[in-house]
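To start, the structure itself, in structure tokens.
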Amino acid sequence: MTFDSEKFKQQFPIFKHAENAKLIYLDNAATTQRPQCVIDAMVDFYSRFNANTHRSSHRLARAATSMVESVRGQTSQFLNTRNTDEIIFTRGATEALNLVASSLCQTLRAGDEIILSSAEHHANLVPWQMAAKQHDLLLKFLPSINGEPQLSELKTLLSPRTKVVALSAASNALGFRLAVEGVKPVLPKACRLVVDASQRLAHDVIDVQSIDCDFLVGSVHKFYGPTGIGVLYGRLDALADLPPWQGGGEMIEQVRLHDSDYAAAPHRFEAGTSSLAAIAGLGACLTFLQTQDRAAMATYESHLNRYLHTELEALSLTLPIDLLTHLENNVGIAAIVGREGSNVSVVDMAHWLDEHDIAVRVGHHCAQPLMDQLGGSSLRISLAAYNNRADIDALISALKLLPIEPTAKTPIESSAHNFGDDLSAIELHELSNQTSWQKRYRQLTRWASLLSRKPDIRNQQHRVTGCESEVWIAHRSDGNRHFFAIDTDSRVLQGLSVLILLLLDGKTREQFDAVDVESTFVELGLEKYLSESRSNGFRALVDYMAAQNR
């Protein structure tokens, strides 16, 4: 049986709206889109039997309770658990991992060890850091090659004090699968294996009994389901050893003034009201996936991923980019960076693609230790089953048109704070007279050459938070006037910085407050760059400058 991607895509209403007629969505590792049946199920819950579960005796509450427990059973089948009570609903994989880390580490003793990898999503790193600090535990990390953890070295890290090994089944930044199925047999008897399967669930059939893990987590919105709902699998004996993470309603058997008796799993770990409509959506999502030929679907995605990597490798021969990812054992993620010594910035590429209505993601992808090993931010392209070769062709065609200034035009480097970049030659009408966004983009990159390099401000003290591309800014005042020095590697941000300096640099507080940056950007057709959701967070730069002027 073959997989029909176009028929699959027709079930996703977002692609049918007029404003999305040209949308090419390649940000699926962040979140997938939802089929109509998932949306309908959530509407159906709210419109027909919205009520709280388990405690009330009326008809609506019974229907809501029945729905939740039915979906728990579906999820149990989806992951092949031994018992439906091994499924716990959370708000997402992040909450599930916080639950496991917090509760499990309460059972450990000072000096016990936790093994992780440097490729983990922050959700499978930071909770263990917090718990280790609280309980005086030791974190150890698998060695890696080109960012990929070397499971063959796991035995060298193990000791009688190793109590937890927590690993992602696939990298959200580089897409490689990790052979977590072979980990459990080599672990000490008392060691728990925790698996983050968030990036595998959309692409692979996951069997927790085959993996032989103690805990496994996933976010439903990454495999065509709703946001606000996650799944935690815990082996019954492992759950029985855990203290509850949160206290409140639903997770108790008996409450007294000074102590309480807790319910058994799963309800011990589901304090308060769950995301009931999202659970209904999860049920519809699982039914939807059951109607697909998952093997044919995986084969289709594998062929599409091969085409993506082949085309990007060919593009790297003519465009100064490097491909960080490899096709082998990859869940459908490609990551590229600008070649060292070139003027190509991943943020510039992302902006260019956004103007072509191609959705990708740029940054460290909540895997900062991994990306720091590889040189910083990347542009990530992530596939789903509704993508096709035409999507990849459009991506490649747009990247081929990316305006690239010759390396020789890189701004002059300054060895001291330069608060006096010569911007006297700039006229705003140079932008306002441009008749298309492509021409405005090119004008910004021409302006970029007027901003000198300022290596001495490239430090944490001057770094502006909120920008995916690193931006540094220094401030000084002279009497009642305020001056700024800005540096960044993105040529688009360099051009925008030139514009913002033209508007705000050297102003008094009163003059600064009188400048309507928002209106100016709208008039120049640049309002997207001040959007709160724009990937570079350029508004953070404007806000930072305003704060220094107070």
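We label chains A, B, ... in the order they appear in the structure tokens, count residues from 1 in each chain, and number ligands from 1 in the order shown.
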Neighbour list for Asn124 in chain A as a ChimeraX atom specification, cut-off 8 Å, only C-alpha atoms, skip fewer than 5 positions in-chain | /A:94,97,166-168,196
Mind checking which residues fall within 7 Å of Ser377 in chain A, counting only C-alpha atoms, ignoring those fewer than 6 positions away in the same chain, and posting them as an NGL selection string?
-> :A and (362-364 or 371)
Written selection (all heavy atoms) as a JSON list (two decimals), in the first residue's frame:
```
[["chain", "number", "residue", "atom", "x", "y", "z"],
["A", 362, "VAL", "N", 14.55, 29.06, 13.35],
["A", 362, "VAL", "CA", 15.95, 29.40, 13.49],
["A", 362, "VAL", "C", 16.26, 29.61, 14.97],
["A", 362, "VAL", "O", 15.43, 30.07, 15.74],
["A", 362, "VAL", "CB", 16.29, 30.67, 12.68],
["A", 362, "VAL", "CG1", 15.58, 31.90, 13.22],
["A", 362, "VAL", "CG2", 17.79, 30.92, 12.63],
["A", 363, "GLY", "N", 17.47, 29.22, 15.39],
["A", 363, "GLY", "CA", 17.88, 29.39, 16.77],
["A", 363, "GLY", "C", 18.62, 28.16, 17.28],
["A", 363, "GLY", "O", 19.16, 27.37, 16.50],
["A", 364, "HIS", "N", 18.63, 28.01, 18.60],
["A", 364, "HIS", "CA", 19.28, 26.82, 19.18],
["A", 364, "HIS", "C", 18.26, 25.73, 19.49],
["A", 364, "HIS", "O", 18.64, 24.66, 19.96],
["A", 364, "HIS", "CB", 20.08, 27.17, 20.44],
["A", 364, "HIS", "CG", 19.29, 27.93, 21.47],
["A", 364, "HIS", "ND1", 18.18, 27.41, 22.11],
["A", 364, "HIS", "CD2", 19.48, 29.16, 22.01],
["A", 364, "HIS", "CE1", 17.72, 28.28, 22.98],
["A", 364, "HIS", "NE2", 18.47, 29.36, 22.92],
["A", 371, "MET", "N", 23.85, 22.93, 20.38],
["A", 371, "MET", "CA", 24.13, 23.88, 19.31],
["A", 371, "MET", "C", 25.38, 24.70, 19.59],
["A", 371, "MET", "O", 26.07, 25.10, 18.65],
["A", 371, "MET", "CB", 22.91, 24.79, 19.10],
["A", 371, "MET", "CG", 21.67, 24.06, 18.62],
["A", 371, "MET", "SD", 21.97, 22.95, 17.21],
["A", 371, "MET", "CE", 22.59, 24.11, 15.99]]
```
Closest of A:Leu402, A:Ala278, A:Cys213, A:Leu503 to Leu232 in chain A - atom-to-atom distances counting only C-alpha atoms |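 Checking each candidate against Leu232 in chain A, we get A:Cys213 as the closest.
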Per residue of range 282-383 of chain A within 6 Å of range 25-30 of chain A, what are the shortest atom pair and its distance in Å to one decimal, counting only C-alpha atoms, with rows by chain and residue number, as JSON lines?
```
{"residue": "A:Ala359", "atom": "CA", "partner": "A:Tyr25", "partner_atom": "CA", "distance": 4.9}
{"residue": "A:Val360", "atom": "CA", "partner": "A:Asp27", "partner_atom": "CA", "distance": 4.8}
{"residue": "A:Ile381", "atom": "CA", "partner": "A:Leu26", "partner_atom": "CA", "distance": 5.5}
{"residue": "A:Ser382", "atom": "CA", "partner": "A:Leu26", "partner_atom": "CA", "distance": 5.1}
{"residue": "A:Leu383", "atom": "CA", "partner": "A:Leu26", "partner_atom": "CA", "distance": 5.7}
```
Go ahead and write the selection's residues with N, CA and C atoms as a PDB file, in the first residue's frame.
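Result file follows (part.pdb):
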```pdb
ATOM      1  N   ALA A 359       7.550  28.461   6.236  1.00  0.00           N
ATOM      2  CA  ALA A 359       7.724  28.473   7.689  1.00  0.00           C
ATOM      3  C   ALA A 359       8.816  27.493   8.097  1.00  0.00           C
ATOM      4  N   VAL A 360       9.905  28.025   8.650  1.00  0.00           N
ATOM      5  CA  VAL A 360      10.988  27.225   9.210  1.00  0.00           C
ATOM      6  C   VAL A 360      11.300  27.798  10.594  1.00  0.00           C
ATOM      7  N   ILE A 381      14.722  22.772   9.212  1.00  0.00           N
ATOM      8  CA  ILE A 381      13.619  22.404   8.321  1.00  0.00           C
ATOM      9  C   ILE A 381      13.118  21.048   8.796  1.00  0.00           C
ATOM     10  N   SER A 382      11.840  20.946   9.143  1.00  0.00           N
ATOM     11  CA  SER A 382      11.332  19.681   9.689  1.00  0.00           C
ATOM     12  C   SER A 382      10.065  19.270   8.959  1.00  0.00           C
ATOM     13  N   LEU A 383      10.025  18.000   8.580  1.00  0.00           N
ATOM     14  CA  LEU A 383       8.990  17.474   7.701  1.00  0.00           C
ATOM     15  C   LEU A 383       7.869  16.786   8.464  1.00  0.00           C
TER      16      LEU A 383
END
```
Would you please give, as a list in words, all residues of range 365-476 of chain A that DSSP assigns to strand (DSSP E) based on the backbone?
-> Ser378, Leu379, Arg380, Ile381, Ser382, Val471, Trp472, Ile473, Ala474, His475 and Arg476 of chain A
Keeping N, CA, C and O atoms, export the residues of the selection given above as a PDB file, in the first residue's frame.
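As written to disk, result-v9.pdb reads:
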```pdb
ATOM      1  N   SER A 378      21.083  27.449  14.150  1.00  0.00           N
ATOM      2  CA  SER A 378      20.911  26.854  12.829  1.00  0.00           C
ATOM      3  C   SER A 378      19.525  27.173  12.308  1.00  0.00           C
ATOM      4  O   SER A 378      18.633  27.577  13.060  1.00  0.00           O
ATOM      5  N   LEU A 379      19.341  26.975  11.019  1.00  0.00           N
ATOM      6  CA  LEU A 379      18.016  27.041  10.408  1.00  0.00           C
ATOM      7  C   LEU A 379      17.538  25.603  10.266  1.00  0.00           C
ATOM      8  O   LEU A 379      18.191  24.779   9.636  1.00  0.00           O
ATOM      9  N   ARG A 380      16.397  25.315  10.918  1.00  0.00           N
ATOM     10  CA  ARG A 380      15.885  23.939  10.959  1.00  0.00           C
ATOM     11  C   ARG A 380      14.674  23.783  10.051  1.00  0.00           C
ATOM     12  O   ARG A 380      13.721  24.559  10.119  1.00  0.00           O
ATOM     13  N   ILE A 381      14.722  22.772   9.212  1.00  0.00           N
ATOM     14  CA  ILE A 381      13.619  22.404   8.321  1.00  0.00           C
ATOM     15  C   ILE A 381      13.118  21.048   8.796  1.00  0.00           C
ATOM     16  O   ILE A 381      13.895  20.089   8.865  1.00  0.00           O
ATOM     17  N   SER A 382      11.840  20.946   9.143  1.00  0.00           N
ATOM     18  CA  SER A 382      11.332  19.681   9.689  1.00  0.00           C
ATOM     19  C   SER A 382      10.065  19.270   8.959  1.00  0.00           C
ATOM     20  O   SER A 382       9.151  20.067   8.760  1.00  0.00           O
ATOM     21  N   VAL A 471      22.550  39.769  19.235  1.00  0.00           N
ATOM     22  CA  VAL A 471      22.663  41.214  19.039  1.00  0.00           C
ATOM     23  C   VAL A 471      23.243  41.803  20.314  1.00  0.00           C
ATOM     24  O   VAL A 471      22.806  41.468  21.425  1.00  0.00           O
ATOM     25  N   TRP A 472      24.234  42.661  20.142  1.00  0.00           N
ATOM     26  CA  TRP A 472      24.865  43.313  21.284  1.00  0.00           C
ATOM     27  C   TRP A 472      24.682  44.820  21.142  1.00  0.00           C
ATOM     28  O   TRP A 472      24.775  45.372  20.040  1.00  0.00           O
ATOM     29  N   ILE A 473      24.455  45.481  22.267  1.00  0.00           N
ATOM     30  CA  ILE A 473      24.265  46.930  22.230  1.00  0.00           C
ATOM     31  C   ILE A 473      24.902  47.562  23.468  1.00  0.00           C
ATOM     32  O   ILE A 473      24.772  47.049  24.583  1.00  0.00           O
ATOM     33  N   ALA A 474      25.637  48.632  23.242  1.00  0.00           N
ATOM     34  CA  ALA A 474      26.241  49.405  24.330  1.00  0.00           C
ATOM     35  C   ALA A 474      25.608  50.791  24.360  1.00  0.00           C
ATOM     36  O   ALA A 474      25.185  51.309  23.314  1.00  0.00           O
ATOM     37  N   HIS A 475      25.550  51.376  25.534  1.00  0.00           N
ATOM     38  CA  HIS A 475      24.884  52.667  25.713  1.00  0.00           C
ATOM     39  C   HIS A 475      25.802  53.613  26.479  1.00  0.00           C
ATOM     40  O   HIS A 475      26.533  53.212  27.382  1.00  0.00           O
ATOM     41  N   ARG A 476      25.796  54.880  26.084  1.00  0.00           N
ATOM     42  CA  ARG A 476      26.453  55.921  26.871  1.00  0.00           C
ATOM     43  C   ARG A 476      25.619  57.186  26.764  1.00  0.00           C
ATOM     44  O   ARG A 476      24.858  57.377  25.798  1.00  0.00           O
TER      45      ARG A 476
END
```
Could you name the residues that touch Glu311 in chain A at 12 Å or less, counting only C-alpha atoms, but leaving out those on the same chain fewer than 2 positions away, as JSON, numbers by chain?
-> {"A": [304, 305, 306, 307, 308, 309, 313, 314, 315, 316, 317, 318, 319, 323, 327, 334, 389, 391, 392, 393, 394, 395, 396, 397, 399, 400]}
Using only C-alpha atoms, determine which residues lie at most 10 Å from Val43 in chain A, disregarding the query and same-chain residues fewer than 4 positions distant; provide the list as a list in words.
->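 With the cut-off at 10 Å, the set is Cys37, Val38, Ile39, Ser47, Arg48, Asn50, Ala277, Ala278, Ala280 and Gly281 of chain A.
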Taking C-alpha atoms for each residue, export the selection above as an mmCIF file, in the first residue's frame.
```
data_model
loop_
_atom_site.group_PDB
_atom_site.id
_atom_site.type_symbol
_atom_site.label_atom_id
_atom_site.label_comp_id
_atom_site.auth_asym_id
_atom_site.auth_seq_id
_atom_site.Cartn_x
_atom_site.Cartn_y
_atom_site.Cartn_z
ATOM 1 C CA CYS A 37 -11.331 15.456 13.300
ATOM 2 C CA VAL A 38 -9.178 16.654 16.215
ATOM 3 C CA ILE A 39 -10.689 20.134 16.091
ATOM 4 C CA SER A 47 -20.667 21.815 23.047
ATOM 5 C CA ARG A 48 -22.156 18.464 24.161
ATOM 6 C CA ASN A 50 -18.457 19.744 29.056
ATOM 7 C CA ALA A 277 -11.055 19.091 25.653
ATOM 8 C CA ALA A 278 -7.441 18.415 24.693
ATOM 9 C CA ALA A 280 -10.850 14.505 23.673
ATOM 10 C CA GLY A 281 -8.697 15.840 20.836
#
```
Any idea what's packed within 7 Å of range 76-91 of chain A, counting only C-alpha atoms, ignoring anything in its chain fewer than 3 positions away? Could you give it as an MDAnalysis selection string?
-> chainID A and resid 72:73 95:96 206:209 228:236 265:266 269:270
Skipping near chain neighbours, those fewer than 2 positions away, what residues fall within 9 Å of Phe483 in chain A using only C-alpha atoms, listed as number ranges by chain?
-> A: 419-420, 474-478, 481, 485, 501, 504-507
For Val183 in chain A, work out the shell of residues within 10 Å, counting only C-alpha atoms and skipping chain neighbours fewer than 5 positions away, then give it as a PyMOL selection string.
-> chain A and resi 151-152+154-155+165+167+178+193+211-213
